[in-house]
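Asks: input.cif is reproduced below (mmCIF, C-alpha atoms).
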```
data_upload
loop_
_atom_site.group_PDB
_atom_site.id
_atom_site.type_symbol
_atom_site.label_atom_id
_atom_site.label_comp_id
_atom_site.auth_asym_id
_atom_site.auth_seq_id
_atom_site.Cartn_x
_atom_site.Cartn_y
_atom_site.Cartn_z
ATOM 1 C CA GLY A 1 95.378 121.729 109.386
ATOM 2 C CA ALA A 2 92.853 119.214 108.156
ATOM 3 C CA GLY A 3 95.100 117.297 105.782
ATOM 4 C CA VAL A 4 98.067 114.965 106.055
ATOM 5 C CA SER A 5 101.199 116.885 106.960
ATOM 6 C CA GLN A 6 104.729 115.731 106.185
ATOM 7 C CA SER A 7 108.038 117.195 107.259
ATOM 8 C CA PRO A 8 110.519 118.161 106.105
ATOM 9 C CA SER A 9 109.292 118.967 102.604
ATOM 10 C CA ASN A 10 112.840 118.646 101.286
ATOM 11 C CA LYS A 11 115.889 116.903 102.704
ATOM 12 C CA VAL A 12 119.376 116.803 101.244
ATOM 13 C CA THR A 13 121.910 114.641 103.014
ATOM 14 C CA GLU A 14 125.173 112.881 102.428
ATOM 15 C CA LYS A 15 125.412 109.207 101.660
ATOM 16 C CA GLY A 16 125.790 107.179 104.825
ATOM 17 C CA LYS A 17 123.825 109.521 107.074
ATOM 18 C CA ASP A 18 120.591 108.573 108.785
ATOM 19 C CA VAL A 19 117.370 110.456 108.017
ATOM 20 C CA GLU A 20 114.036 110.652 109.754
ATOM 21 C CA LEU A 21 110.840 111.627 107.957
ATOM 22 C CA ARG A 22 107.696 112.596 109.792
ATOM 23 C CA CYS A 23 104.011 112.215 109.002
ATOM 24 C CA ASP A 24 101.012 113.699 110.801
ATOM 25 C CA PRO A 25 97.886 111.953 109.527
ATOM 26 C CA ILE A 26 94.354 113.282 109.476
ATOM 27 C CA SER A 27 92.984 113.234 113.007
ATOM 28 C CA GLY A 28 90.990 110.075 113.683
ATOM 29 C CA HIS A 29 92.399 108.125 110.753
ATOM 30 C CA THR A 30 93.427 104.730 112.037
ATOM 31 C CA ALA A 31 95.243 103.611 108.898
ATOM 32 C CA LEU A 32 98.549 105.134 107.798
ATOM 33 C CA TYR A 33 100.727 104.247 104.813
ATOM 34 C CA TRP A 34 104.183 105.114 103.569
ATOM 35 C CA TYR A 35 105.047 105.069 99.870
ATOM 36 C CA ARG A 36 108.113 105.895 97.837
ATOM 37 C CA GLN A 37 108.064 107.445 94.377
ATOM 38 C CA ARG A 38 111.252 107.371 92.371
ATOM 39 C CA LEU A 39 111.629 109.635 89.369
ATOM 40 C CA GLY A 40 109.348 108.545 86.537
ATOM 41 C CA GLN A 41 107.908 105.679 88.534
ATOM 42 C CA GLY A 42 104.629 104.920 90.228
ATOM 43 C CA LEU A 43 104.077 104.888 93.946
ATOM 44 C CA GLU A 44 105.780 101.978 95.669
ATOM 45 C CA PHE A 45 104.166 100.714 98.884
ATOM 46 C CA LEU A 46 106.484 100.562 101.884
ATOM 47 C CA ILE A 47 104.485 99.928 105.074
ATOM 48 C CA TYR A 48 100.942 100.042 106.479
ATOM 49 C CA PHE A 49 99.928 100.876 110.042
ATOM 50 C CA GLN A 50 96.578 100.097 111.633
ATOM 51 C CA GLY A 51 96.639 102.006 114.885
ATOM 52 C CA ASN A 52 100.173 101.687 116.223
ATOM 53 C CA SER A 53 100.737 98.230 114.756
ATOM 54 C CA ALA A 54 102.244 97.498 111.358
ATOM 55 C CA PRO A 55 100.489 94.415 109.988
ATOM 56 C CA ASP A 56 102.141 94.861 106.607
ATOM 57 C CA LYS A 57 105.796 95.798 106.279
ATOM 58 C CA SER A 58 106.241 93.880 103.052
ATOM 59 C CA GLY A 59 107.339 96.892 101.017
ATOM 60 C CA LEU A 60 110.299 97.990 103.139
ATOM 61 C CA PRO A 61 113.241 97.514 100.742
ATOM 62 C CA SER A 62 115.905 96.608 103.300
ATOM 63 C CA ASP A 63 116.645 96.494 106.998
ATOM 64 C CA ARG A 64 117.975 100.051 106.718
ATOM 65 C CA PHE A 65 114.343 101.149 106.572
ATOM 66 C CA SER A 66 112.119 101.213 109.649
ATOM 67 C CA ALA A 67 108.986 103.016 110.732
ATOM 68 C CA GLU A 68 107.002 103.510 113.857
ATOM 69 C CA ARG A 69 103.745 105.097 114.848
ATOM 70 C CA THR A 70 102.786 106.362 118.260
ATOM 71 C CA GLY A 71 99.541 107.485 119.850
ATOM 72 C CA GLU A 72 97.709 106.232 116.763
ATOM 73 C CA SER A 73 98.873 109.470 115.240
ATOM 74 C CA VAL A 74 102.343 110.605 114.188
ATOM 75 C CA SER A 75 104.567 108.250 112.239
ATOM 76 C CA THR A 76 108.264 108.450 111.486
ATOM 77 C CA LEU A 77 110.089 106.660 108.681
ATOM 78 C CA THR A 78 113.798 106.210 109.375
ATOM 79 C CA ILE A 79 116.395 105.365 106.777
ATOM 80 C CA GLN A 80 119.775 104.406 108.158
ATOM 81 C CA ARG A 81 123.072 104.635 106.280
ATOM 82 C CA THR A 82 121.401 106.269 103.296
ATOM 83 C CA GLN A 83 122.409 105.275 99.779
ATOM 84 C CA GLN A 84 121.991 107.224 96.551
ATOM 85 C CA GLU A 85 119.250 104.867 95.403
ATOM 86 C CA ASP A 86 117.190 106.030 98.398
ATOM 87 C CA SER A 87 116.689 109.378 96.620
ATOM 88 C CA ALA A 88 112.962 109.696 96.002
ATOM 89 C CA VAL A 89 109.810 111.421 97.165
ATOM 90 C CA TYR A 90 108.461 109.714 100.269
ATOM 91 C CA LEU A 91 104.702 110.021 100.569
ATOM 92 C CA CYS A 92 102.528 109.371 103.585
ATOM 93 C CA ALA A 93 98.791 108.723 103.392
ATOM 94 C CA SER A 94 96.053 108.042 105.893
ATOM 95 C CA SER A 95 92.556 106.636 105.697
ATOM 96 C CA SER A 96 89.665 106.044 108.052
ATOM 97 C CA ASP A 97 90.089 102.275 107.836
ATOM 98 C CA GLY A 98 92.048 99.764 105.771
ATOM 99 C CA TYR A 99 93.145 99.601 102.178
ATOM 100 C CA ARG A 100 89.637 99.878 100.730
ATOM 101 C CA GLU A 101 89.048 103.398 101.991
ATOM 102 C CA PRO A 102 90.327 106.253 99.810
ATOM 103 C CA GLN A 103 93.714 107.339 101.026
ATOM 104 C CA HIS A 104 94.521 110.992 101.688
ATOM 105 C CA PHE A 105 98.088 111.886 100.849
ATOM 106 C CA GLY A 106 100.503 114.433 102.191
ATOM 107 C CA ASP A 107 102.668 116.466 99.841
ATOM 108 C CA GLY A 108 105.670 114.244 100.444
ATOM 109 C CA THR A 109 109.287 114.653 101.462
ATOM 110 C CA ARG A 110 111.747 114.961 98.598
ATOM 111 C CA LEU A 111 114.889 113.170 99.738
ATOM 112 C CA SER A 112 118.137 113.707 97.876
ATOM 113 C CA ILE A 113 121.218 111.700 98.777
ATOM 114 C CA LEU A 114 124.495 113.233 97.611
ATOM 115 C CA ASP B 1 106.958 92.616 86.838
ATOM 116 C CA GLN B 2 104.510 95.482 86.544
ATOM 117 C CA GLN B 3 101.036 94.410 87.563
ATOM 118 C CA VAL B 4 99.427 97.760 86.722
ATOM 119 C CA LYS B 5 100.447 99.417 83.478
ATOM 120 C CA GLN B 6 99.703 102.848 82.109
ATOM 121 C CA ASN B 7 101.220 102.601 78.680
ATOM 122 C CA SER B 8 100.788 106.233 77.681
ATOM 123 C CA PRO B 9 103.213 108.451 79.575
ATOM 124 C CA SER B 10 101.463 111.570 78.304
ATOM 125 C CA LEU B 11 98.290 112.764 76.623
ATOM 126 C CA SER B 12 97.248 116.146 75.211
ATOM 127 C CA VAL B 13 93.612 117.093 74.773
ATOM 128 C CA GLN B 14 91.837 120.262 73.739
ATOM 129 C CA GLU B 15 89.733 122.022 76.329
ATOM 130 C CA GLY B 16 86.112 120.902 76.131
ATOM 131 C CA ARG B 17 86.910 117.558 74.506
ATOM 132 C CA ILE B 18 86.992 114.138 76.132
ATOM 133 C CA SER B 19 90.129 112.845 77.858
ATOM 134 C CA ILE B 20 90.508 109.071 77.999
ATOM 135 C CA LEU B 21 93.187 107.634 80.238
ATOM 136 C CA ASN B 22 93.877 103.926 80.035
ATOM 137 C CA CYS B 23 95.158 101.350 82.482
ATOM 138 C CA ASP B 24 95.843 97.626 82.048
ATOM 139 C CA TYR B 25 96.454 95.091 84.769
ATOM 140 C CA THR B 26 97.784 91.560 84.778
ATOM 141 C CA ASN B 27 96.512 90.153 88.080
ATOM 142 C CA SER B 28 92.996 88.746 87.632
ATOM 143 C CA MET B 29 92.597 88.692 91.419
ATOM 144 C CA PHE B 30 92.446 92.502 91.578
ATOM 145 C CA ASP B 31 88.941 93.464 92.645
ATOM 146 C CA TYR B 32 89.160 97.137 93.479
ATOM 147 C CA PHE B 33 90.471 99.932 91.320
ATOM 148 C CA LEU B 34 91.077 103.624 91.905
ATOM 149 C CA TRP B 35 92.239 106.701 90.054
ATOM 150 C CA TYR B 36 94.325 109.406 91.702
ATOM 151 C CA LYS B 37 95.303 112.800 90.322
ATOM 152 C CA LYS B 38 98.571 114.498 91.185
ATOM 153 C CA TYR B 39 99.692 118.087 90.703
ATOM 154 C CA PRO B 40 103.418 118.940 90.862
ATOM 155 C CA ALA B 41 104.837 119.115 94.390
ATOM 156 C CA GLU B 42 101.574 117.882 95.881
ATOM 157 C CA GLY B 43 100.406 114.484 97.045
ATOM 158 C CA PRO B 44 97.977 112.432 94.946
ATOM 159 C CA THR B 45 94.276 113.170 95.385
ATOM 160 C CA PHE B 46 91.649 110.454 95.212
ATOM 161 C CA LEU B 47 89.330 110.859 92.216
ATOM 162 C CA ILE B 48 87.112 107.845 91.756
ATOM 163 C CA SER B 49 87.019 104.120 92.441
ATOM 164 C CA ILE B 50 85.276 101.045 91.105
ATOM 165 C CA SER B 51 84.696 97.589 92.483
ATOM 166 C CA SER B 52 84.972 94.547 90.227
ATOM 167 C CA ILE B 53 81.249 93.860 90.646
ATOM 168 C CA LYS B 54 80.568 96.941 88.531
ATOM 169 C CA ASP B 55 81.600 97.931 85.042
ATOM 170 C CA LYS B 56 81.019 101.661 85.338
ATOM 171 C CA ASN B 57 81.096 104.347 88.000
ATOM 172 C CA GLU B 58 80.364 107.990 87.400
ATOM 173 C CA ASP B 59 81.060 111.117 89.447
ATOM 174 C CA GLY B 60 80.359 114.400 87.725
ATOM 175 C CA ARG B 61 82.735 114.846 84.792
ATOM 176 C CA PHE B 62 84.633 111.665 85.697
ATOM 177 C CA THR B 63 83.606 108.161 84.663
ATOM 178 C CA VAL B 64 85.590 104.989 85.192
ATOM 179 C CA PHE B 65 84.933 101.933 83.015
ATOM 180 C CA LEU B 66 86.087 98.443 83.919
ATOM 181 C CA ASN B 67 86.441 95.608 81.434
ATOM 182 C CA LYS B 68 87.352 92.559 83.493
ATOM 183 C CA SER B 69 87.707 90.177 80.587
ATOM 184 C CA ALA B 70 90.275 92.486 79.009
ATOM 185 C CA LYS B 71 91.800 93.435 82.377
ATOM 186 C CA HIS B 72 91.442 97.040 81.350
ATOM 187 C CA LEU B 73 90.054 100.155 82.899
ATOM 188 C CA SER B 74 89.746 103.663 81.644
ATOM 189 C CA LEU B 75 89.008 107.091 83.063
ATOM 190 C CA HIS B 76 86.928 109.461 80.958
ATOM 191 C CA ILE B 77 86.888 113.177 81.693
ATOM 192 C CA VAL B 78 84.174 115.123 79.916
ATOM 193 C CA PRO B 79 84.471 117.995 79.229
ATOM 194 C CA SER B 80 88.181 118.421 79.858
ATOM 195 C CA GLN B 81 89.271 121.636 81.564
ATOM 196 C CA PRO B 82 92.717 123.248 81.884
ATOM 197 C CA GLY B 83 92.611 122.549 85.636
ATOM 198 C CA ASP B 84 92.517 118.841 84.840
ATOM 199 C CA SER B 85 96.130 119.038 83.658
ATOM 200 C CA ALA B 86 97.970 116.732 86.062
ATOM 201 C CA VAL B 87 99.461 113.252 86.340
ATOM 202 C CA TYR B 88 96.827 110.537 86.714
ATOM 203 C CA PHE B 89 97.640 107.286 88.504
ATOM 204 C CA CYS B 90 95.668 104.095 88.255
ATOM 205 C CA ALA B 91 95.818 101.765 91.286
ATOM 206 C CA ALA B 92 94.483 98.303 92.030
ATOM 207 C CA SER B 93 94.222 95.931 94.949
ATOM 208 C CA LYS B 94 92.966 92.460 95.797
ATOM 209 C CA GLY B 95 91.312 91.659 99.080
ATOM 210 C CA ASN B 96 92.900 93.454 101.989
ATOM 211 C CA THR B 97 96.276 94.107 100.400
ATOM 212 C CA PRO B 98 98.266 97.232 99.496
ATOM 213 C CA LEU B 99 97.397 99.263 96.447
ATOM 214 C CA VAL B 100 99.549 98.660 93.378
ATOM 215 C CA PHE B 101 100.060 101.829 91.347
ATOM 216 C CA GLY B 102 100.820 102.394 87.702
ATOM 217 C CA LYS B 103 103.525 104.830 86.601
ATOM 218 C CA GLY B 104 101.042 107.538 85.716
ATOM 219 C CA THR B 105 99.922 109.430 82.628
ATOM 220 C CA ARG B 106 100.543 113.153 82.323
ATOM 221 C CA LEU B 107 97.441 114.872 80.935
ATOM 222 C CA SER B 108 97.738 118.299 79.375
ATOM 223 C CA VAL B 109 94.498 120.107 78.567
ATOM 224 C CA ILE B 110 95.144 122.838 76.058
ATOM 225 C CA ALA B 111 92.966 125.945 76.102
#
```
Transcribe the structure of this file into structure tokens.
Replies:
Amino acid sequence: GAGVSQSPSNKVTEKGKDVELRCDPISGHTALYWYRQRLGQGLEFLIYFQGNSAPDKSGLPSDRFSAERTGESVSTLTIQRTQQEDSAVYLCASSSDGYREPQHFGDGTRLSIL
Amino acid sequence: DQQVKQNSPSLSVQEGRISILNCDYTNSMFDYFLWYKKYPAEGPTFLISISSIKDKNEDGRFTVFLNKSAKHLSLHIVPSQPGDSAVYFCAASKGNTPLVFGKGTRLSVIA
């Protein structure tokens, strides 16, 4: 497809388990972003990739969160030892360059921690 | 501390009338502003942006106004259509830094 694709669309897991969320950006987009949206809140920036490097990880809330990007394409966001407060929609976006280019979002992964 | 505030959680407007969505910001260093629209279970979609060197940008039915002295921007939709019913997010950034989003305003356009 032409848009940003995220999988899974929904994930329910038990507290303490690890989860891995995947993002396929628009082909050719060098910039990739992860956001988190908690219920009733705005989008919260997590991490920014330019190519395979992450020049800005300032939004990752704890060391349980990590992300990587390979082949200047697919990115995975990993949350280790999940907690209930990690429940949110995790959104991925890509753009043709840095922050100033309009970002194209995927439909998100709804993560529920029991 | 919220740097981008959308103080109206919801707004209802009659079809054909003007919708005005407001956004206030606290950081005077912000120099780039955007509006995104979000339907349920979908990701946000970029609508329109404005740089701080301008005070107005127009794209079809959508116009964004920026008042730097008041640290306020607004999105006008004229005429409003039922398909415009969605959550609208205001976002801002300074220099080459991440976007800061507001909490959104849910617009309902009533036929």
Asks: Write down, as a PyMOL selection string, each residue of chain A that has any atom within 12 Å of an atom of chain B, counting only C-alpha atoms.
Replies: chain A and resi 3-6+9-10+31-49+55-59+89-95+97-110
Asks: So, counting only C-alpha atoms, which residue among A:Ser96, A:Glu68, A:Leu60, A:Ser87 is closest to Thr13 (chain A)?
Replies: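 Ranked by minimum distance to Thr13 (chain A), first place goes to A:Ser87.
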Asks: Run through the PyMOL selection byres ((chain A and resi 67) around 9) on the given coordinates and return the selected residues as a list in words.
Replies: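 So the PyMOL selection byres ((chain A and resi 67) around 9), applied here, picks out Trp34, Ile47, Ala54, Phe65, Ser66, Glu68, Arg69, Ser75, Thr76, Leu77, Thr78 and Ile79 of chain A.
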Asks: Could you name the residues that touch Ala2 (chain A) at 9 Å or less, counting only C-alpha atoms, but leaving out those on the same chain fewer than 6 positions away, as a PDB file with C-alpha atoms, keeping the file's coordinate frame?
Replies:
```pdb
ATOM      1  CA  PRO A  25      97.886 111.953 109.527  1.00  0.00           C
ATOM      2  CA  ILE A  26      94.354 113.282 109.476  1.00  0.00           C
ATOM      3  CA  SER A  27      92.984 113.234 113.007  1.00  0.00           C
TER       4      SER A  27
END
```
Asks: Go through the shown structure with the PyMOL selection byres ((chain B and resi 111) around 9) and write out the matching residues as a PyMOL selection string.
Replies: chain B and resi 13-16+81-82+109-110
